[in-house]
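Structure, as structure tokens:
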2 protein chains.
Amino acid sequence: MAAEPPFAPPGDKDALEQGAGLTPRFGPDGLIAAVATDAETGEVLMLAWMNDEALRLTLETGEAHYWSRSRRALWRKGATSGQIQTVVEARIDCDQDAVWLKVKVGGDGGACHTGARSCFYRVIEGDRLARR
Amino acid sequence: MAAEPPFAPPGDKDALEQGAGLTPRFGPDGLIAAVATDAETGEVLMLAWMNDEALRLTLETGEAHYWSRSRRALWRKGATSGQIQTVVEARIDCDQDAVWLKVKVGGDGGACHTGARSCFYRVIEGDRLARR
């Protein structure tokens, strides 16, 4: 299957920061960082990665898609767990190399494969971690 | 100057996810992703990168330090702008390859070098960006 046309290429600093065109900057590995927060509570649920196809599908379908670096595969979040992330709002940062999704989570409302609601279920205290 | 001892090396999946030891997983480039949110409003302010020294300094001093990929330099956030980020809480995710800082922002309360409060000042609408 032929790939969809990619996003428009990034422009100069001014275009990136002040422009009205979406020109995401994927890294050398072809990925862009994406942070998902709960649209209702604001809690950070997860930080994951998208390739151009994952970002395109996220924007087209309104459901978060990511690229699994460990599995090296496109991943529709919640496809097996039911924890579908419906995108309420998608933002991009100043230099267009990070995405922020505000999402409504389906299924049991969680986002982490461990069963926790958020992947960030531990607080750093010195060199120790406390679960809370 | 001799480097400080690094963090303890990551253990297996169970230790990473369920353990009480901080063993951050830096990428092949030596960096870990860090998202900073406003401790009061919950707004995502920025997504940046830390090397081991930046993370160590952040945890030791209680002020956010990052690694600038473009300048290839350690960076104490706010050192010139006054937008110091005082860490109210630091969290790490399930597989210990991402950090979430809840911060109180000094100076004018902003986080973005463009003057915006958050780096995520544009909403994605199709292939266009709207500032709001």
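Ordered as shown in the structure tokens, chains take letters A, B, and onward, while each chain numbers its residues from 1 and ligands are numbered from 1 in the order shown.
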I need the chain B residues near chain A as a ChimeraX atom specification; criterion: at most 7 Å, counting only C-alpha atoms. /B:20-22,42,47,59,90-94,98,119-124,126-130
For Arg72 in chain B, find every residue with an atom within 12 Å (counting only C-alpha atoms), except residues of its own chain fewer than 6 positions away, and show them as a list in words.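 Everything that qualifies: Asp29, Gly30, Leu31, Trp49, Met50, Asn51 and Tyr66 of chain B.
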Taking only range 12-73 of chain B into account, list the residues labelled alpha helix (DSSP H) by DSSP (computed from the backbone), as JSON, numbers by chain. {"B": [13, 14, 15, 16, 17, 18, 52, 53, 54, 55, 56, 57, 58, 59, 60, 61]}
Dump all heavy atoms for the selected residues as a compact mmCIF listing (two decimals), in the first residue's frame?
```txt
# COMPACT_ATOMS: atom_id res chain seq x y z
N LYS B 13 12.23 -5.91 33.76
CA LYS B 13 10.93 -5.28 33.58
C LYS B 13 10.18 -5.13 34.91
O LYS B 13 9.62 -4.08 35.21
CB LYS B 13 10.11 -6.15 32.61
CG LYS B 13 8.72 -5.66 32.28
CD LYS B 13 8.07 -6.60 31.25
CE LYS B 13 6.57 -6.51 31.24
NZ LYS B 13 6.05 -5.26 30.68
N ASP B 14 10.23 -6.17 35.73
CA ASP B 14 9.51 -6.12 37.00
C ASP B 14 10.12 -5.06 37.93
O ASP B 14 9.39 -4.30 38.57
CB ASP B 14 9.53 -7.49 37.67
CG ASP B 14 8.60 -7.54 38.87
OD1 ASP B 14 7.39 -7.31 38.69
OD2 ASP B 14 9.08 -7.77 39.99
N ALA B 15 11.43 -5.01 37.97
CA ALA B 15 12.09 -4.02 38.82
C ALA B 15 11.80 -2.61 38.33
O ALA B 15 11.54 -1.69 39.12
CB ALA B 15 13.60 -4.27 38.84
N LEU B 16 11.83 -2.43 37.01
CA LEU B 16 11.54 -1.12 36.42
C LEU B 16 10.14 -0.65 36.78
O LEU B 16 9.93 0.49 37.17
CB LEU B 16 11.64 -1.17 34.89
CG LEU B 16 13.01 -0.99 34.26
CD1 LEU B 16 12.90 -1.22 32.77
CD2 LEU B 16 13.55 0.42 34.55
N GLU B 17 9.20 -1.55 36.63
CA GLU B 17 7.79 -1.16 36.74
C GLU B 17 7.27 -1.16 38.17
O GLU B 17 6.42 -0.35 38.51
CB GLU B 17 6.92 -2.09 35.90
CG GLU B 17 7.18 -1.95 34.40
CD GLU B 17 6.29 -2.85 33.56
OE1 GLU B 17 5.54 -3.66 34.13
OE2 GLU B 17 6.35 -2.72 32.32
N GLN B 18 7.79 -2.09 38.96
CA GLN B 18 7.22 -2.25 40.31
C GLN B 18 8.21 -1.91 41.41
O GLN B 18 7.83 -1.84 42.58
CB GLN B 18 6.74 -3.70 40.49
CG GLN B 18 5.78 -4.19 39.41
CD GLN B 18 4.52 -3.35 39.28
OE1 GLN B 18 4.09 -2.71 40.25
NE2 GLN B 18 3.92 -3.32 38.09
N ASP B 52 21.81 12.65 32.18
CA ASP B 52 21.85 12.21 33.58
C ASP B 52 22.20 13.36 34.53
O ASP B 52 21.66 13.46 35.63
CB ASP B 52 22.76 10.99 33.77
CG ASP B 52 24.18 11.23 33.31
OD1 ASP B 52 24.47 12.31 32.77
OD2 ASP B 52 25.01 10.32 33.50
N GLU B 53 23.06 14.25 34.08
CA GLU B 53 23.43 15.37 34.95
C GLU B 53 22.25 16.32 35.16
O GLU B 53 22.02 16.81 36.27
CB GLU B 53 24.62 16.13 34.34
CG GLU B 53 25.16 17.18 35.29
CD GLU B 53 26.33 17.96 34.70
OE1 GLU B 53 26.63 17.78 33.51
OE2 GLU B 53 26.92 18.77 35.44
N ALA B 54 21.50 16.58 34.12
CA ALA B 54 20.34 17.47 34.24
C ALA B 54 19.30 16.88 35.20
O ALA B 54 18.74 17.60 36.04
CB ALA B 54 19.71 17.71 32.86
N LEU B 55 19.08 15.58 35.10
CA LEU B 55 18.12 14.95 36.00
C LEU B 55 18.64 14.98 37.44
O LEU B 55 17.90 15.31 38.38
CB LEU B 55 17.83 13.51 35.56
CG LEU B 55 16.85 12.73 36.45
CD1 LEU B 55 15.50 13.45 36.60
CD2 LEU B 55 16.64 11.32 35.89
N ARG B 56 19.91 14.67 37.60
CA ARG B 56 20.50 14.68 38.94
C ARG B 56 20.40 16.07 39.58
O ARG B 56 19.99 16.24 40.72
CB ARG B 56 21.97 14.22 38.86
CG ARG B 56 22.68 14.13 40.19
CD ARG B 56 24.11 13.61 40.05
NE ARG B 56 24.95 14.49 39.23
CZ ARG B 56 25.49 15.63 39.64
NH1 ARG B 56 25.24 16.07 40.86
NH2 ARG B 56 26.25 16.35 38.83
N LEU B 57 20.77 17.09 38.80
CA LEU B 57 20.72 18.46 39.31
C LEU B 57 19.28 18.88 39.62
O LEU B 57 19.02 19.59 40.60
CB LEU B 57 21.34 19.43 38.29
CG LEU B 57 22.87 19.38 38.22
CD1 LEU B 57 23.37 20.18 37.03
CD2 LEU B 57 23.48 19.92 39.52
N THR B 58 18.35 18.46 38.78
CA THR B 58 16.95 18.78 39.02
C THR B 58 16.50 18.22 40.36
O THR B 58 15.87 18.91 41.17
CB THR B 58 16.07 18.20 37.90
OG1 THR B 58 16.43 18.82 36.66
CG2 THR B 58 14.59 18.44 38.16
N LEU B 59 16.86 16.97 40.61
CA LEU B 59 16.43 16.31 41.85
C LEU B 59 17.18 16.87 43.06
O LEU B 59 16.61 17.02 44.14
CB LEU B 59 16.62 14.80 41.74
CG LEU B 59 15.79 14.13 40.62
CD1 LEU B 59 16.13 12.65 40.51
CD2 LEU B 59 14.29 14.34 40.85
N GLU B 60 18.44 17.21 42.88
CA GLU B 60 19.24 17.71 44.00
C GLU B 60 18.90 19.15 44.38
O GLU B 60 18.87 19.49 45.56
CB GLU B 60 20.74 17.62 43.66
CG GLU B 60 21.30 16.21 43.76
CD GLU B 60 22.79 16.17 43.45
OE1 GLU B 60 23.41 17.24 43.29
OE2 GLU B 60 23.32 15.05 43.34
N THR B 61 18.68 19.97 43.38
CA THR B 61 18.47 21.39 43.66
C THR B 61 16.99 21.77 43.78
O THR B 61 16.67 22.84 44.31
CB THR B 61 19.07 22.27 42.54
OG1 THR B 61 18.32 22.06 41.34
CG2 THR B 61 20.53 21.93 42.30
```
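From CA of Arg117 in chain A back to CA of Lys77 in chain A, the distance works out to 14.0 Å.
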